[in-house]
Amino acid sequence: MINYLHLSIIIIFSLLLFRLPFFFRATFNWDESTFILMGQSILDGNLPYVELWDLKPPLAFFSYALAILAFGKSIISVRLFGTLCVMSAAILTYYICRSVWSSKLSLLTAIIFIVLTGPLMDGKSVMTEHIAIVPLLGSLALLVSSDKLVNMKFFLVGLLMGSACMIRLNLAYVALIIGLSYIKIVTHPSNISKEYLLRVLQTPTSNTNQELLKVLEQKPEFIVKNENVWYLQDHPEAIALLEATLKTQYTLLNNMGETQIYRQISGVAQ
């Protein structure tokens, strides 16, 4: 078992091996030079895209401004900032991989990550990819940390992914794919009655009763029910499940003609 002290030592050694020799040369990539100029312009009190302009999201330039502000006005400061970003990303890579692999294999993955973001792959300079991958991997680490995603965790995941997209705009595709993987198919109660749709979108054995059970297992605080439950009229087992759940776990809050509003009985969710 690898503890975090050993992990940090190995990662720092790998980073110094692959990145330290390239700390001192002024220019490797003109994109990096442009981003540094944009960052310095912000520190000089200018708004982005006014005095200087480049086709990148604003957090890219603020990231370089942060590097200069925190470590000083030199190329070494920017390279040090980039190295810290790669170190953070490597640790996050290890953490994410530990959810499915052994510690040794996860460490190997982190080292491979360092190699692939280093000079062998034209990573001598500090690019926006080195910075944006930190919040992106941070959001993934939060997602794999627990199966029970609370509202605050969703907020932090969205905040980190949004930050990554505002550094590298093309990461919006990654955020979209990850977001869609957590969106439930059922967006309206009537959708679960369409078993042909459920079988296409989920599995060939999906049915209305199972999908209703999934909805009820989320233990919503309120349930709005139509008197005739028209969207379940062809599924008596699902109607019986809904009625039994409302009878044992919910209380009638308001009866508005053909529509009833139920609220979960206190303590049932715990």
# chains A, B, ... in the order shown; residues from 1 in each chain; ligands from 1
>>> residues_around(residues="stretch 9-24 of chain A", least_positions_apart="4", cutoff="7 Å", atoms="only C-alpha atoms", output="PyMOL selection string")
chain A and resi 5+76+79+87+111+114+118-119+124
>>> select_by_dssp(residues="stretch 10-54 of chain A", states="helix (DSSP H, G or I)", output="list in words")
Ile10, Ile11, Ile12, Phe13, Ser14, Leu15, Leu16, Leu17, Phe18, Arg19, Leu20, Pro21, Phe22, Trp30, Asp31, Glu32, Ser33, Thr34, Phe35, Ile36, Leu37, Met38, Gly39, Gln40, Ser41, Ile42 and Leu43 of chain A
>>> residues_around(residues="A:Gln40", least_positions_apart="5", cutoff="8 Å", atoms="only C-alpha atoms", output="MDAnalysis selection string")
chainID A and resid 64:65 68
>>> atom_distance(atom1="atom CA of A:Ala164", atom2="atom CA of A:Leu47")
20.5 Å
>>> residues_around(residues="A:Gly257", least_positions_apart="3", cutoff="10 Å", atoms="only C-alpha atoms", output="list of chain:residue names")
A:Asn226, A:Glu227, A:Asn254, A:Gln260
>>> residues_around(residues="A:Tyr94", least_positions_apart="6", cutoff="12 Å", atoms="only C-alpha atoms", output="list of chain:residue names")
A:Ile2, A:Asn3, A:Tyr4, A:Leu7, A:Ser8, A:Ile10, A:Ile11, A:Met87, A:Ser88, A:Val100, A:Trp101, A:Ser102, A:Ser103, A:Lys104, A:Leu105, A:Ser106, A:Leu107, A:Leu108, A:Thr109, A:Ala110, A:Ile111, A:Ile112, A:Phe113, A:Ile114, A:Leu137, A:Gly138, A:Leu140, A:Ala141
>>> residues_around(residues="A:His130", least_positions_apart="2", cutoff="8 Å", atoms="only C-alpha atoms", output="number ranges by chain")
A: 82, 85-86, 117, 126-128, 132-134
>>> decode(residues="stretch 132-147 of chain A", atoms="N, CA, C and O atoms", output="PDB file, in the first residue's frame")
ATOM      1  N   ALA A 132      -6.007  23.483 -17.223  1.00  0.00           N
ATOM      2  CA  ALA A 132      -7.425  23.112 -17.265  1.00  0.00           C
ATOM      3  C   ALA A 132      -7.675  21.695 -16.773  1.00  0.00           C
ATOM      4  O   ALA A 132      -8.760  21.385 -16.265  1.00  0.00           O
ATOM      5  N   ILE A 133      -6.665  20.828 -16.912  1.00  0.00           N
ATOM      6  CA  ILE A 133      -6.897  19.436 -16.525  1.00  0.00           C
ATOM      7  C   ILE A 133      -7.013  19.269 -15.014  1.00  0.00           C
ATOM      8  O   ILE A 133      -7.575  18.282 -14.536  1.00  0.00           O
ATOM      9  N   VAL A 134      -6.535  20.244 -14.251  1.00  0.00           N
ATOM     10  CA  VAL A 134      -6.633  20.150 -12.790  1.00  0.00           C
ATOM     11  C   VAL A 134      -8.100  20.227 -12.330  1.00  0.00           C
ATOM     12  O   VAL A 134      -8.573  19.317 -11.631  1.00  0.00           O
ATOM     13  N   PRO A 135      -8.862  21.267 -12.681  1.00  0.00           N
ATOM     14  CA  PRO A 135     -10.269  21.255 -12.262  1.00  0.00           C
ATOM     15  C   PRO A 135     -11.073  20.142 -12.917  1.00  0.00           C
ATOM     16  O   PRO A 135     -12.018  19.626 -12.311  1.00  0.00           O
ATOM     17  N   LEU A 136     -10.704  19.748 -14.133  1.00  0.00           N
ATOM     18  CA  LEU A 136     -11.432  18.653 -14.790  1.00  0.00           C
ATOM     19  C   LEU A 136     -11.261  17.353 -14.007  1.00  0.00           C
ATOM     20  O   LEU A 136     -12.247  16.657 -13.711  1.00  0.00           O
ATOM     21  N   LEU A 137     -10.018  17.014 -13.665  1.00  0.00           N
ATOM     22  CA  LEU A 137      -9.777  15.803 -12.888  1.00  0.00           C
ATOM     23  C   LEU A 137     -10.320  15.928 -11.473  1.00  0.00           C
ATOM     24  O   LEU A 137     -10.737  14.939 -10.865  1.00  0.00           O
ATOM     25  N   GLY A 138     -10.328  17.152 -10.937  1.00  0.00           N
ATOM     26  CA  GLY A 138     -10.929  17.363  -9.626  1.00  0.00           C
ATOM     27  C   GLY A 138     -12.408  17.017  -9.622  1.00  0.00           C
ATOM     28  O   GLY A 138     -12.918  16.404  -8.681  1.00  0.00           O
ATOM     29  N   SER A 139     -13.112  17.388 -10.689  1.00  0.00           N
ATOM     30  CA  SER A 139     -14.532  17.056 -10.787  1.00  0.00           C
ATOM     31  C   SER A 139     -14.733  15.554 -10.923  1.00  0.00           C
ATOM     32  O   SER A 139     -15.649  14.979 -10.325  1.00  0.00           O
ATOM     33  N   LEU A 140     -13.870  14.886 -11.691  1.00  0.00           N
ATOM     34  CA  LEU A 140     -13.979  13.433 -11.831  1.00  0.00           C
ATOM     35  C   LEU A 140     -13.685  12.731 -10.510  1.00  0.00           C
ATOM     36  O   LEU A 140     -14.325  11.733 -10.171  1.00  0.00           O
ATOM     37  N   ALA A 141     -12.709  13.256  -9.756  1.00  0.00           N
ATOM     38  CA  ALA A 141     -12.392  12.671  -8.452  1.00  0.00           C
ATOM     39  C   ALA A 141     -13.588  12.776  -7.504  1.00  0.00           C
ATOM     40  O   ALA A 141     -13.864  11.848  -6.731  1.00  0.00           O
ATOM     41  N   LEU A 142     -14.302  13.880  -7.561  1.00  0.00           N
ATOM     42  CA  LEU A 142     -15.501  14.017  -6.734  1.00  0.00           C
ATOM     43  C   LEU A 142     -16.577  13.022  -7.156  1.00  0.00           C
ATOM     44  O   LEU A 142     -17.262  12.437  -6.312  1.00  0.00           O
ATOM     45  N   LEU A 143     -16.711  12.812  -8.453  1.00  0.00           N
ATOM     46  CA  LEU A 143     -17.745  11.903  -8.945  1.00  0.00           C
ATOM     47  C   LEU A 143     -17.483  10.457  -8.533  1.00  0.00           C
ATOM     48  O   LEU A 143     -18.422   9.706  -8.268  1.00  0.00           O
ATOM     49  N   VAL A 144     -16.226  10.052  -8.493  1.00  0.00           N
ATOM     50  CA  VAL A 144     -15.923   8.659  -8.154  1.00  0.00           C
ATOM     51  C   VAL A 144     -15.751   8.456  -6.648  1.00  0.00           C
ATOM     52  O   VAL A 144     -15.594   7.322  -6.192  1.00  0.00           O
ATOM     53  N   SER A 145     -15.795   9.543  -5.874  1.00  0.00           N
ATOM     54  CA  SER A 145     -15.529   9.426  -4.442  1.00  0.00           C
ATOM     55  C   SER A 145     -16.664   8.758  -3.693  1.00  0.00           C
ATOM     56  O   SER A 145     -16.465   8.174  -2.646  1.00  0.00           O
ATOM     57  N   SER A 146     -17.884   8.817  -4.220  1.00  0.00           N
ATOM     58  CA  SER A 146     -19.021   8.212  -3.545  1.00  0.00           C
ATOM     59  C   SER A 146     -20.148   8.012  -4.533  1.00  0.00           C
ATOM     60  O   SER A 146     -20.300   8.769  -5.488  1.00  0.00           O
ATOM     61  N   ASP A 147     -20.962   6.968  -4.292  1.00  0.00           N
ATOM     62  CA  ASP A 147     -22.127   6.728  -5.134  1.00  0.00           C
ATOM     63  C   ASP A 147     -23.275   7.654  -4.779  1.00  0.00           C
ATOM     64  O   ASP A 147     -24.198   7.840  -5.561  1.00  0.00           O
TER      65      ASP A 147
END
